[in-house]
Amino acid sequence: MRAPELRNLSRRNFLVSSGALVVGTYAYTSGFNPALASNGSELAPSVYVAIGTDGVVTVTCHRSEMGQGIKTAVAQVVCDELEADWEKVVVEQAEGDARYGDQNTDGSQSIKNFFVPLRNAGAAAREMLAQAAADEWGVPVAECEARDNAIHHAASSRSKSYGELVPAASALAVPTNPTLKARQDWQYIGKGQVHVDARDVATGVAEYGADVSFPNMAIAVLAHAPSLGASPVAVNLPDAVKANPNFIGVEMIEATPAPIGFNPVGSVAVIAKDTYTGIKIANEIEATWSKSPNATFDSDAFQQQLRDATAKPGKVWHEQGDANAALDEAQDKVEAVYETPFLSHAPMEPPVAVANVIDDSVEVWAPVQDPQTTRNTIVQAKGFALDKVKVTPTLLGGAFGRKSKPDFVLEAVELSRRLQRPIRVQWTRENDLQYDYFHAPSVQRYEATLGDNGMPTAWRQRTAFPSIMSTVAAPNMVEPANWELDMGFTNTPYRCPNQTIEAAGLPAGVRIGWLRSVCNIFHAFGANVFVDELAEKAGTDPIDYRLAMWNGMDVVAGALPSEPGHEFKIARLRNVLKRVRANSKWDEKISAGVGIGVAVHYSFKSYVATVIEVDKDDPNYRATRAYMVLDCGTYVNADTCRAQMEGAVVFGLSGAQRAKLTFKNGGIEQTNFDGYLVARMPDAPEIHVELVDSTELPAGVGEPGVPPIAPALSNAIYRAGGGRRRSLPLI
Amino acid sequence: MPISLSVNGSKHEVDVDADTPLLWVLRDHLALTGTKFGCGRGLCGACTVQLDGTPTRSCLTTVGAVAGRDINTIESLVEQQPDLVEAWVSENVAQCGYCQSGQLMSAAALLATNAAPSDSDVDAAMAGNICRCGTYGRIKKAIHRVAEGRR
């Protein structure tokens, strides 16, 4: 049993207890506070960095680490500006607290939003250390150079380590507008760096939520309701269960009425002294449940409803010219319906949470993507005061968006409060698949007529899917929201003088949530396969066809206003497409009849182009090679960016090849990895990644690699002779 | 009824039912939390340990069946195959890391029995270990690198 290490919390306790300290009201803050710097044993001008008299640089990472390397990237940014010695760096995980600014690690925006604030934090500390040295030596600060965890004065051959300078530096005022390093002077930013937890992971000592233990902790394993909205009514305990010395008891948790948000579903919790007893008994108990309106939910029937919705007009989001007239009269149009199923996040670490309620306070250790939302949800649902709720994210064993929804934490808090002891809620894989916040199924209908030059003259696209809003906001908000549609549909780069863009939504009988790249998954699929079909009809290469469609275009508009500096620019989309064409030797392979497909997509402010090759002789068209080109603007860890593209290929192939979830009578039919089929080592192609060298603002990395994979694969299968496949899964 | 186990070269006595999966004995009773729970049905490989050198899914192996056998877990790997651990670090193999204990145990067993595995040898040996982050390419590269280093 291992209690979590109590790290040196003196600095953080000071901050937490001084409730009056407000470090900025900005969501993206440099975390400065003058009061932080006046502790003589430590220089801590910002919540993100502290230097001790021993010269150790502690970087506090306020974003959740789920394998995307954010702890390492944050440290690279701070240390570059600080001119720190990497060997002296320690990275700690922040608890959920508004002083850190936004902590919602979602939407591929940690570096995008915090690049400058983190640079400011490191630079401020550097300037204070330089000033302290200058003051002591009586020289101009401009002559003092920061390098390798020390300040150097070349003219007098004097140096002082950061550790030695901390007492004097910490008495100085915090410069809130420090000078940042020039790009050509970056030492860490833009380079590769092994992840700070790499050794802990490889030696089996990295600590995840299920590894956190307390004395007197009990384990809870849950049997959740057979369909969404049902609550347990009664539980029957066999005598053998009652006689089991490791069995503690059962608790019933009521279903949360819609909109469920991040609150728990109905369940029976088996409380036990050890995990296996909990799992065994959760399988042995019999419970009766209340009726749920979702008990008849059927995914096949739902898919048909989505199809029907695209067969008629939906809500019009964009109308230019008169596409309807042209298409409804057309003798010769290209029409295609693209379908994608429910998908599950299925991170390797099933949801788990440790909660310890003592009187009116609660402490939580759990793999959560947003510890502030977790705290707020606990406050709203359970009535604790915010300052009595502490949430510390553990290392996440994969998330992909599942762990933004802390329903499993709420279960642990409730059970700990009832039982007045620390509780670990451990979800099984069956729990995880049954009660995911599922990636929405979709149907899209695309229709277009082509002119003599092969370019589209009229174009209508319709999408139908259940909106995430109906799960998280209000049950009647079933229509796709503007931000869901700006994921590849209303911000499509494929424009036409007569064009209509429509959307429809329907309520699903299960929870819907965001899954790595969200609606971009199905919108990129529909768009990139349809454009391939148009190109074929026009007798044009699909890359040339896209380039022709984009001729003369500059910035793509969508349903939402552009974020300054992150406008969707066709020039960048064109560039990644041209680069992947070159890297993959596309033209040569097309001539040689290779089973090869292309796709390109803009999401989370980044641009990704993909070419996939498949084995023509394999009846399952195994992917043999994948070429990725990523333009994410300025990047921090080059190796992480490559790894995220490699990982996105595999994640995208999982979602494209065999993965599919089905529901009957309100319940899921797939229970484990034997029913939900994900990519394994033999499915992984050889992957080549190019990172575009760019001075543009930092943009997303974690998600943008996923959307182009499924369409590139479908297009490759087509060219390999496998026929046009418009439905996922493809195999 | 106490059961005797040999784990990473040390003897332990645990008082559990013989049908308890080894995974949960390691994690809940011996505080060896490096071995992970991923699916409970031997489908994902996160729980892989070595039993007399053979990679074994500890979630499906009862503790009664392994009494007296040599069990090795991820915690012993850095001593037994330090070059494998080093390769994992220097190639930056892991992303979230949760599957990697199982990946390493399977890889270690492969390398102990096959000094020059081909790509398809690696595919076959590692097919039982799922990685949702998609680190397969780096795992394969690290395995080849270690094999080459030993030759």
# chains A, B, ... in the order shown; residues from 1 in each chain; ligands from 1
$ interface_residues --of "chain B" --to "chain A" --cutoff "8 Å" --atoms "only C-alpha atoms" --output "CSV table (one decimal) with all heavy atoms, in the first residue's frame"
chain,number,residue,atom,x,y,z
B,20,THR,N,-8.0,-16.3,-6.7
B,20,THR,CA,-7.8,-14.8,-7.0
B,20,THR,C,-6.8,-14.7,-8.1
B,20,THR,O,-5.7,-15.3,-8.1
B,20,THR,CB,-7.2,-14.2,-5.7
B,20,THR,OG1,-8.0,-14.5,-4.6
B,20,THR,CG2,-7.1,-12.7,-5.8
B,21,PRO,N,-7.1,-13.8,-9.1
B,21,PRO,CA,-6.1,-13.6,-10.1
B,21,PRO,C,-4.8,-13.0,-9.6
B,21,PRO,O,-4.8,-12.1,-8.7
B,21,PRO,CB,-6.8,-12.6,-11.1
B,21,PRO,CG,-8.2,-12.8,-10.8
B,21,PRO,CD,-8.3,-13.1,-9.3
B,24,TRP,N,-4.4,-9.2,-9.1
B,24,TRP,CA,-4.9,-8.5,-7.9
B,24,TRP,C,-4.1,-8.8,-6.7
B,24,TRP,O,-4.0,-8.0,-5.7
B,24,TRP,CB,-6.4,-8.7,-7.7
B,24,TRP,CG,-7.1,-8.2,-8.9
B,24,TRP,CD1,-7.8,-8.9,-9.8
B,24,TRP,CD2,-7.2,-6.8,-9.3
B,24,TRP,NE1,-8.4,-8.1,-10.8
B,24,TRP,CE2,-8.0,-6.8,-10.5
B,24,TRP,CE3,-6.7,-5.6,-8.8
B,24,TRP,CZ2,-8.3,-5.6,-11.1
B,24,TRP,CZ3,-7.0,-4.4,-9.4
B,24,TRP,CH2,-7.8,-4.4,-10.6
B,28,ASP,N,-2.9,-5.5,-4.9
B,28,ASP,CA,-3.6,-5.2,-3.7
B,28,ASP,C,-2.9,-5.8,-2.5
B,28,ASP,O,-3.1,-5.3,-1.4
B,28,ASP,CB,-5.1,-5.6,-3.7
B,28,ASP,CG,-5.9,-4.7,-4.6
B,28,ASP,OD1,-5.5,-3.7,-5.1
B,28,ASP,OD2,-7.1,-5.1,-4.8
B,29,HIS,N,-2.2,-6.9,-2.7
B,29,HIS,CA,-1.7,-7.5,-1.5
B,29,HIS,C,-0.2,-7.4,-1.4
B,29,HIS,O,0.4,-7.5,-0.3
B,29,HIS,CB,-2.1,-9.0,-1.5
B,29,HIS,CG,-3.6,-9.2,-1.4
B,29,HIS,ND1,-4.3,-9.2,-0.2
B,29,HIS,CD2,-4.5,-9.3,-2.4
B,29,HIS,CE1,-5.6,-9.4,-0.5
B,29,HIS,NE2,-5.7,-9.4,-1.8
B,30,LEU,N,0.6,-7.2,-2.5
B,30,LEU,CA,2.0,-7.1,-2.4
B,30,LEU,C,2.5,-5.7,-2.8
B,30,LEU,O,3.7,-5.5,-2.9
B,30,LEU,CB,2.6,-8.1,-3.4
B,30,LEU,CG,2.4,-9.6,-3.0
B,30,LEU,CD1,3.0,-10.5,-4.0
B,30,LEU,CD2,2.9,-9.9,-1.6
B,31,ALA,N,1.6,-4.8,-3.0
B,31,ALA,CA,1.9,-3.4,-3.3
B,31,ALA,C,2.8,-3.3,-4.5
B,31,ALA,O,3.6,-2.3,-4.6
B,31,ALA,CB,2.6,-2.7,-2.1
B,33,THR,N,2.4,-2.3,-7.8
B,33,THR,CA,1.4,-1.7,-8.7
B,33,THR,C,1.9,-1.4,-10.1
B,33,THR,O,1.2,-0.8,-10.9
B,33,THR,CB,0.9,-0.4,-8.0
B,33,THR,OG1,2.0,0.5,-7.8
B,33,THR,CG2,0.2,-0.7,-6.7
B,34,GLY,N,3.1,-1.8,-10.4
B,34,GLY,CA,3.5,-1.6,-11.8
B,34,GLY,C,2.8,-2.4,-12.8
B,34,GLY,O,2.6,-1.9,-14.0
B,35,THR,N,2.2,-3.5,-12.4
B,35,THR,CA,1.4,-4.3,-13.3
B,35,THR,C,0.0,-3.8,-13.3
B,35,THR,O,-0.6,-3.5,-12.3
B,35,THR,CB,1.4,-5.8,-12.8
B,35,THR,OG1,2.8,-6.2,-12.7
B,35,THR,CG2,0.7,-6.7,-13.8
B,37,PHE,N,-4.1,-3.0,-14.7
B,37,PHE,CA,-5.4,-3.6,-15.0
B,37,PHE,C,-6.0,-2.9,-16.2
B,37,PHE,O,-6.1,-1.7,-16.2
B,37,PHE,CB,-6.4,-3.5,-13.8
B,37,PHE,CG,-7.8,-3.8,-14.1
B,37,PHE,CD1,-8.2,-5.0,-14.5
B,37,PHE,CD2,-8.8,-2.8,-14.0
B,37,PHE,CE1,-9.6,-5.3,-14.8
B,37,PHE,CE2,-10.2,-3.1,-14.3
B,37,PHE,CZ,-10.5,-4.4,-14.7
B,38,GLY,N,-6.3,-3.6,-17.3
B,38,GLY,CA,-6.8,-3.0,-18.5
B,38,GLY,C,-8.2,-3.5,-18.9
B,38,GLY,O,-9.0,-2.8,-19.5
B,39,CYS,N,-8.4,-4.9,-18.7
B,39,CYS,CA,-9.6,-5.4,-19.3
B,39,CYS,C,-10.1,-6.6,-18.5
B,39,CYS,O,-11.3,-6.9,-18.6
B,39,CYS,CB,-9.4,-5.9,-20.7
B,39,CYS,SG,-8.4,-7.4,-20.9
B,40,GLY,N,-9.3,-7.3,-17.7
B,40,GLY,CA,-9.7,-8.4,-16.9
B,40,GLY,C,-10.0,-9.7,-17.6
B,40,GLY,O,-10.5,-10.6,-17.0
B,43,LEU,N,-7.4,-9.8,-22.8
B,43,LEU,CA,-7.5,-9.3,-24.2
B,43,LEU,C,-6.6,-8.1,-24.5
B,43,LEU,O,-6.3,-7.8,-25.7
B,43,LEU,CB,-8.9,-8.8,-24.4
B,43,LEU,CG,-10.0,-9.9,-24.3
B,43,LEU,CD1,-11.4,-9.3,-24.2
B,43,LEU,CD2,-9.9,-10.9,-25.5
B,44,CYS,N,-6.0,-7.4,-23.4
B,44,CYS,CA,-5.3,-6.2,-23.7
B,44,CYS,C,-3.8,-6.3,-23.4
B,44,CYS,O,-3.1,-5.4,-23.9
B,44,CYS,CB,-6.0,-5.0,-23.0
B,44,CYS,SG,-5.5,-4.9,-21.2
B,46,ALA,N,-2.2,-5.5,-20.6
B,46,ALA,CA,-1.6,-4.6,-19.7
B,46,ALA,C,-1.1,-5.2,-18.4
B,46,ALA,O,-0.3,-4.7,-17.7
B,46,ALA,CB,-2.7,-3.5,-19.3
B,74,ILE,N,7.3,-6.1,-13.8
B,74,ILE,CA,8.0,-4.9,-14.4
B,74,ILE,C,9.0,-4.4,-13.4
B,74,ILE,O,10.0,-3.9,-13.8
B,74,ILE,CB,7.0,-3.9,-14.9
B,74,ILE,CG1,7.7,-2.7,-15.6
B,74,ILE,CG2,6.1,-3.3,-13.7
B,74,ILE,CD1,8.3,-3.0,-16.9
B,75,GLU,N,8.7,-4.5,-12.2
B,75,GLU,CA,9.6,-3.9,-11.2
B,75,GLU,C,11.0,-4.5,-11.2
B,75,GLU,O,12.0,-3.9,-10.8
B,75,GLU,CB,9.0,-4.0,-9.8
B,75,GLU,CG,7.9,-3.0,-9.5
B,75,GLU,CD,6.5,-3.5,-9.8
B,75,GLU,OE1,6.4,-4.6,-10.6
B,75,GLU,OE2,5.5,-2.9,-9.4
B,77,LEU,N,12.5,-5.5,-14.1
B,77,LEU,CA,13.1,-5.4,-15.4
B,77,LEU,C,14.3,-4.6,-15.5
B,77,LEU,O,15.3,-4.9,-16.2
B,77,LEU,CB,12.0,-4.9,-16.4
B,77,LEU,CG,12.4,-5.1,-17.9
B,77,LEU,CD1,12.5,-6.6,-18.2
B,77,LEU,CD2,11.4,-4.4,-18.8
B,78,VAL,N,14.4,-3.5,-14.8
B,78,VAL,CA,15.5,-2.6,-14.9
B,78,VAL,C,16.8,-3.3,-14.4
B,78,VAL,O,17.9,-3.0,-14.9
B,78,VAL,CB,15.3,-1.2,-14.2
B,78,VAL,CG1,15.2,-1.4,-12.7
B,78,VAL,CG2,16.3,-0.2,-14.6
B,85,VAL,N,15.1,-1.2,-20.9
B,85,VAL,CA,14.6,0.0,-20.2
B,85,VAL,C,15.2,1.3,-20.8
B,85,VAL,O,14.5,2.2,-21.1
B,85,VAL,CB,14.8,-0.1,-18.7
B,85,VAL,CG1,14.5,1.3,-18.0
B,85,VAL,CG2,14.0,-1.2,-18.1
B,88,TRP,N,13.7,2.1,-24.2
B,88,TRP,CA,12.4,2.7,-24.1
B,88,TRP,C,12.5,4.1,-23.7
B,88,TRP,O,11.6,4.9,-24.2
B,88,TRP,CB,11.6,1.9,-22.9
B,88,TRP,CG,10.4,1.3,-23.4
B,88,TRP,CD1,9.1,1.6,-23.0
B,88,TRP,CD2,10.2,0.1,-24.2
B,88,TRP,NE1,8.2,0.8,-23.6
B,88,TRP,CE2,8.8,-0.2,-24.4
B,88,TRP,CE3,11.1,-0.7,-24.9
B,88,TRP,CZ2,8.3,-1.2,-25.1
B,88,TRP,CZ3,10.6,-1.8,-25.7
B,88,TRP,CH2,9.2,-2.0,-25.8
B,89,VAL,N,13.4,4.5,-22.9
B,89,VAL,CA,13.6,5.9,-22.5
B,89,VAL,C,14.1,6.7,-23.6
B,89,VAL,O,13.6,7.8,-24.0
B,89,VAL,CB,14.5,6.0,-21.2
B,89,VAL,CG1,14.8,7.5,-20.9
B,89,VAL,CG2,13.8,5.4,-20.0
B,90,SER,N,15.2,6.3,-24.2
B,90,SER,CA,15.9,7.1,-25.2
B,90,SER,C,15.1,7.2,-26.5
B,90,SER,O,15.2,8.2,-27.2
B,90,SER,CB,17.3,6.7,-25.5
B,90,SER,OG,17.3,5.3,-25.8
B,91,GLU,N,14.3,6.2,-26.8
B,91,GLU,CA,13.4,6.3,-28.0
B,91,GLU,C,12.1,7.0,-27.7
B,91,GLU,O,11.3,7.2,-28.6
B,91,GLU,CB,13.1,4.9,-28.6
B,91,GLU,CG,14.3,4.1,-29.1
B,91,GLU,CD,14.8,4.7,-30.4
B,91,GLU,OE1,14.1,5.4,-31.1
B,91,GLU,OE2,16.0,4.4,-30.7
B,92,ASN,N,12.0,7.5,-26.5
B,92,ASN,CA,10.7,8.1,-26.1
B,92,ASN,C,9.5,7.3,-26.5
B,92,ASN,O,8.6,7.8,-27.1
B,92,ASN,CB,10.7,9.5,-26.7
B,92,ASN,CG,10.2,10.6,-25.8
B,92,ASN,OD1,10.0,10.4,-24.6
B,92,ASN,ND2,10.0,11.8,-26.3
B,93,VAL,N,9.5,6.0,-26.1
B,93,VAL,CA,8.5,5.1,-26.6
B,93,VAL,C,7.1,5.5,-26.0
B,93,VAL,O,6.1,5.5,-26.7
B,93,VAL,CB,8.8,3.7,-26.2
B,93,VAL,CG1,7.6,2.7,-26.5
B,93,VAL,CG2,10.0,3.2,-27.0
B,94,ALA,N,7.0,5.7,-24.7
B,94,ALA,CA,5.7,5.8,-24.1
B,94,ALA,C,5.0,7.2,-24.3
B,94,ALA,O,5.7,8.2,-24.4
B,94,ALA,CB,5.9,5.6,-22.6
B,95,GLN,N,3.7,7.1,-24.4
B,95,GLN,CA,2.9,8.3,-24.3
B,95,GLN,C,2.3,8.3,-22.9
B,95,GLN,O,2.9,8.8,-22.0
B,95,GLN,CB,2.0,8.4,-25.5
B,95,GLN,CG,2.7,8.7,-26.8
B,95,GLN,CD,1.8,8.9,-28.0
B,95,GLN,OE1,0.7,9.4,-27.9
B,95,GLN,NE2,2.3,8.7,-29.2
B,96,CYS,N,1.1,7.8,-22.8
B,96,CYS,CA,0.5,7.8,-21.5
B,96,CYS,C,1.2,6.8,-20.5
B,96,CYS,O,1.1,7.0,-19.3
B,96,CYS,CB,-1.0,7.5,-21.5
B,96,CYS,SG,-1.5,5.8,-21.6
B,97,GLY,N,1.7,5.8,-21.1
B,97,GLY,CA,2.5,4.8,-20.3
B,97,GLY,C,1.8,3.7,-19.7
B,97,GLY,O,2.4,2.7,-19.2
B,98,TYR,N,0.5,3.7,-19.7
B,98,TYR,CA,-0.3,2.7,-18.9
B,98,TYR,C,-0.1,1.3,-19.5
B,98,TYR,O,-0.1,0.4,-18.7
B,98,TYR,CB,-1.8,3.1,-19.0
B,98,TYR,CG,-2.6,2.4,-17.9
B,98,TYR,CD1,-2.6,2.8,-16.6
B,98,TYR,CD2,-3.4,1.3,-18.3
B,98,TYR,CE1,-3.4,2.2,-15.7
B,98,TYR,CE2,-4.2,0.6,-17.4
B,98,TYR,CZ,-4.2,1.1,-16.0
B,98,TYR,OH,-5.0,0.4,-15.1
B,99,CYS,N,0.1,1.1,-20.8
B,99,CYS,CA,0.2,-0.2,-21.3
B,99,CYS,C,1.7,-0.7,-21.3
B,99,CYS,O,1.9,-1.9,-21.6
B,99,CYS,CB,-0.2,-0.2,-22.8
B,99,CYS,SG,1.0,0.5,-23.9
B,100,GLN,N,2.6,0.2,-21.0
B,100,GLN,CA,4.0,-0.1,-21.2
B,100,GLN,C,4.6,-1.1,-20.3
B,100,GLN,O,5.5,-1.8,-20.7
B,100,GLN,CB,4.8,1.2,-21.2
B,100,GLN,CG,4.4,2.2,-22.2
B,100,GLN,CD,4.7,1.8,-23.7
B,100,GLN,OE1,5.4,0.9,-23.9
B,100,GLN,NE2,4.0,2.5,-24.6
B,101,SER,N,4.1,-1.3,-19.1
B,101,SER,CA,4.6,-2.4,-18.3
B,101,SER,C,4.4,-3.7,-19.0
B,101,SER,O,5.3,-4.6,-19.1
B,101,SER,CB,3.9,-2.5,-16.9
B,101,SER,OG,4.1,-1.3,-16.2
B,104,LEU,N,6.6,-4.0,-22.1
B,104,LEU,CA,8.0,-4.3,-21.8
B,104,LEU,C,8.1,-5.8,-21.4
B,104,LEU,O,9.1,-6.4,-21.7
B,104,LEU,CB,8.5,-3.4,-20.7
B,104,LEU,CG,8.9,-2.0,-21.2
B,104,LEU,CD1,8.8,-1.0,-20.0
B,104,LEU,CD2,10.3,-2.1,-21.7
B,120,SER,N,7.9,-9.4,-38.4
B,120,SER,CA,6.7,-10.3,-38.2
B,120,SER,C,6.8,-11.1,-36.9
B,120,SER,O,5.8,-11.4,-36.3
B,120,SER,CB,6.3,-11.1,-39.4
B,120,SER,OG,7.4,-11.9,-39.8
B,123,ASP,N,5.6,-8.5,-34.5
B,123,ASP,CA,4.1,-8.4,-34.6
B,123,ASP,C,3.4,-9.5,-33.8
B,123,ASP,O,2.5,-9.3,-33.1
B,123,ASP,CB,3.7,-8.5,-36.0
B,123,ASP,CG,3.9,-7.2,-36.8
B,123,ASP,OD1,4.3,-6.1,-36.1
B,123,ASP,OD2,3.8,-7.2,-38.0
B,124,ALA,N,3.9,-10.8,-34.0
B,124,ALA,CA,3.3,-11.9,-33.4
B,124,ALA,C,3.4,-11.9,-31.9
B,124,ALA,O,2.5,-12.2,-31.2
B,124,ALA,CB,3.8,-13.2,-34.0
B,126,MET,N,3.9,-9.4,-30.0
B,126,MET,CA,3.4,-8.2,-29.3
B,126,MET,C,1.9,-7.9,-29.6
B,126,MET,O,1.3,-7.0,-29.1
B,126,MET,CB,4.2,-6.9,-29.7
B,126,MET,CG,5.7,-7.0,-29.4
B,126,MET,SD,6.1,-7.3,-27.7
B,126,MET,CE,5.6,-5.7,-27.0
B,127,ALA,N,1.3,-8.8,-30.4
B,127,ALA,CA,-0.1,-8.6,-30.9
B,127,ALA,C,-1.1,-8.6,-29.7
B,127,ALA,O,-2.2,-8.0,-29.8
B,127,ALA,CB,-0.5,-9.6,-31.9
B,128,GLY,N,-0.7,-9.2,-28.6
B,128,GLY,CA,-1.6,-9.3,-27.5
B,128,GLY,C,-1.6,-8.0,-26.6
B,128,GLY,O,-2.4,-7.9,-25.6
B,129,ASN,N,-0.7,-7.1,-26.9
B,129,ASN,CA,-0.6,-5.9,-26.1
B,129,ASN,C,-1.1,-4.7,-26.8
B,129,ASN,O,-0.5,-4.2,-27.7
B,129,ASN,CB,0.9,-5.7,-25.7
B,129,ASN,CG,1.5,-6.7,-24.7
B,129,ASN,OD1,1.9,-7.7,-25.1
B,129,ASN,ND2,1.4,-6.4,-23.5
B,130,ILE,N,-2.3,-4.2,-26.3
B,130,ILE,CA,-2.9,-3.0,-27.0
B,130,ILE,C,-2.2,-1.8,-26.5
B,130,ILE,O,-2.0,-1.6,-25.3
B,130,ILE,CB,-4.4,-3.0,-26.7
B,130,ILE,CG1,-5.1,-4.2,-27.2
B,130,ILE,CG2,-5.0,-1.7,-27.3
B,130,ILE,CD1,-6.6,-4.2,-26.9
B,131,CYS,N,-2.1,-0.8,-27.4
B,131,CYS,CA,-1.6,0.5,-27.0
B,131,CYS,C,-2.6,1.5,-27.6
B,131,CYS,O,-2.6,1.7,-28.9
B,131,CYS,CB,-0.2,0.8,-27.4
B,131,CYS,SG,0.3,2.6,-27.2
B,132,ARG,N,-3.5,2.2,-26.9
B,132,ARG,CA,-4.4,3.1,-27.5
B,132,ARG,C,-3.8,4.4,-27.9
B,132,ARG,O,-4.4,5.1,-28.7
B,132,ARG,CB,-5.6,3.3,-26.5
B,132,ARG,CG,-6.5,2.2,-26.3
B,132,ARG,CD,-7.3,1.9,-27.5
B,132,ARG,NE,-8.4,2.8,-27.6
B,132,ARG,CZ,-9.0,3.3,-28.8
B,132,ARG,NH1,-8.5,2.8,-29.9
B,132,ARG,NH2,-10.0,4.1,-28.8
B,133,CYS,N,-2.6,4.7,-27.4
B,133,CYS,CA,-1.9,5.9,-27.8
B,133,CYS,C,-1.2,5.7,-29.1
B,133,CYS,O,-0.8,6.6,-29.8
B,133,CYS,CB,-0.9,6.4,-26.8
B,133,CYS,SG,-1.6,6.8,-25.2
B,134,GLY,N,-1.0,4.4,-29.5
B,134,GLY,CA,-0.4,4.1,-30.8
B,134,GLY,C,1.1,4.2,-30.8
B,134,GLY,O,1.6,4.7,-31.8
B,135,THR,N,1.7,3.7,-29.8
B,135,THR,CA,3.2,3.7,-29.8
B,135,THR,C,3.9,2.5,-30.5
B,135,THR,O,5.1,2.3,-30.3
B,135,THR,CB,3.7,3.8,-28.4
B,135,THR,OG1,3.5,2.6,-27.7
B,135,THR,CG2,3.1,5.0,-27.6
B,136,TYR,N,3.1,1.7,-31.2
B,136,TYR,CA,3.6,0.5,-31.8
B,136,TYR,C,4.9,0.6,-32.6
B,136,TYR,O,5.8,-0.2,-32.5
B,136,TYR,CB,2.6,-0.2,-32.7
B,136,TYR,CG,1.3,-0.6,-32.0
B,136,TYR,CD1,0.0,-0.1,-32.5
B,136,TYR,CD2,1.3,-1.4,-30.9
B,136,TYR,CE1,-1.2,-0.4,-31.8
B,136,TYR,CE2,0.1,-1.7,-30.2
B,136,TYR,CZ,-1.1,-1.2,-30.7
B,136,TYR,OH,-2.3,-1.6,-30.1
B,137,GLY,N,5.0,1.6,-33.4
B,137,GLY,CA,6.2,1.8,-34.2
B,137,GLY,C,7.4,2.0,-33.3
B,137,GLY,O,8.5,1.5,-33.6
$ residues_around --residues "region 126-132 of chain A" --least-positions-apart "2" --cutoff "7 Å" --atoms "only C-alpha atoms" --output "compact mmCIF listing (two decimals) with N, CA, C and O atoms, in the first residue's frame"
# COMPACT_ATOMS: atom_id res chain seq x y z
N LEU A 82 14.14 30.77 -19.01
CA LEU A 82 14.86 30.89 -17.75
C LEU A 82 16.35 30.63 -17.93
O LEU A 82 17.17 30.98 -17.09
N GLY A 122 9.13 32.16 -17.17
CA GLY A 122 10.56 31.85 -17.17
C GLY A 122 11.41 33.09 -17.33
O GLY A 122 12.43 33.26 -16.64
N ALA A 123 10.97 33.98 -18.21
CA ALA A 123 11.75 35.19 -18.48
C ALA A 123 11.78 36.12 -17.27
O ALA A 123 12.81 36.75 -16.98
N ALA A 124 10.66 36.20 -16.56
CA ALA A 124 10.62 37.06 -15.37
C ALA A 124 11.63 36.58 -14.33
O ALA A 124 12.39 37.37 -13.76
N ALA A 134 23.63 41.57 -10.95
CA ALA A 134 24.11 42.90 -11.32
C ALA A 134 24.23 43.80 -10.10
O ALA A 134 25.22 44.52 -9.92
N ASP A 135 23.23 43.72 -9.23
CA ASP A 135 23.23 44.55 -8.02
C ASP A 135 24.41 44.16 -7.13
O ASP A 135 25.11 45.02 -6.59
N GLU A 136 24.64 42.87 -6.99
CA GLU A 136 25.72 42.42 -6.11
C GLU A 136 27.08 42.79 -6.67
O GLU A 136 27.99 43.19 -5.93
N VAL A 141 23.09 45.54 -15.69
CA VAL A 141 22.43 44.24 -15.86
C VAL A 141 22.55 43.76 -17.31
O VAL A 141 22.58 42.56 -17.56
N CYS A 144 25.13 41.19 -17.83
CA CYS A 144 24.98 39.92 -17.12
C CYS A 144 24.23 38.94 -18.01
O CYS A 144 23.09 39.20 -18.40
N ALA A 146 22.54 35.27 -18.71
CA ALA A 146 21.97 34.07 -18.09
C ALA A 146 22.28 32.87 -18.98
O ALA A 146 22.04 32.91 -20.18
N ILE A 151 24.26 33.10 -13.68
CA ILE A 151 24.46 34.40 -14.32
C ILE A 151 25.96 34.61 -14.45
O ILE A 151 26.72 34.35 -13.50
N TYR A 162 22.23 30.11 -9.94
CA TYR A 162 20.88 30.56 -9.60
C TYR A 162 20.59 30.34 -8.12
O TYR A 162 20.02 31.19 -7.45
N LEU A 165 21.81 32.98 -6.01
CA LEU A 165 21.17 34.29 -6.25
C LEU A 165 19.74 34.35 -5.74
O LEU A 165 19.14 35.43 -5.69
N ALA A 168 18.62 37.00 -2.87
CA ALA A 168 18.60 38.40 -3.31
C ALA A 168 17.54 38.61 -4.38
O ALA A 168 16.80 39.61 -4.36
N ALA A 169 17.42 37.67 -5.30
CA ALA A 169 16.46 37.83 -6.39
C ALA A 169 15.04 37.86 -5.87
O ALA A 169 14.19 38.61 -6.39
N LEU A 172 13.33 41.16 -5.06
CA LEU A 172 13.10 42.16 -6.11
C LEU A 172 11.65 42.14 -6.58
O LEU A 172 10.93 41.16 -6.37
$ atom_distance --atom1 "CA of Pro729 (chain A)" --atom2 "CA of Glu447 (chain A)"
22.3 Å
$ atom_distance --atom1 "CA of Asn715 (chain A)" --atom2 "CA of Ala311 (chain A)"
24.6 Å
$ residues_around --residues "Asp17 (chain B)" --least-positions-apart "2" --cutoff "9 Å" --atoms "only C-alpha atoms" --output "list in words"
Met1, Pro2, Ile3, Asp15, Asp19, Thr20, Val63 and Gly64 of chain B
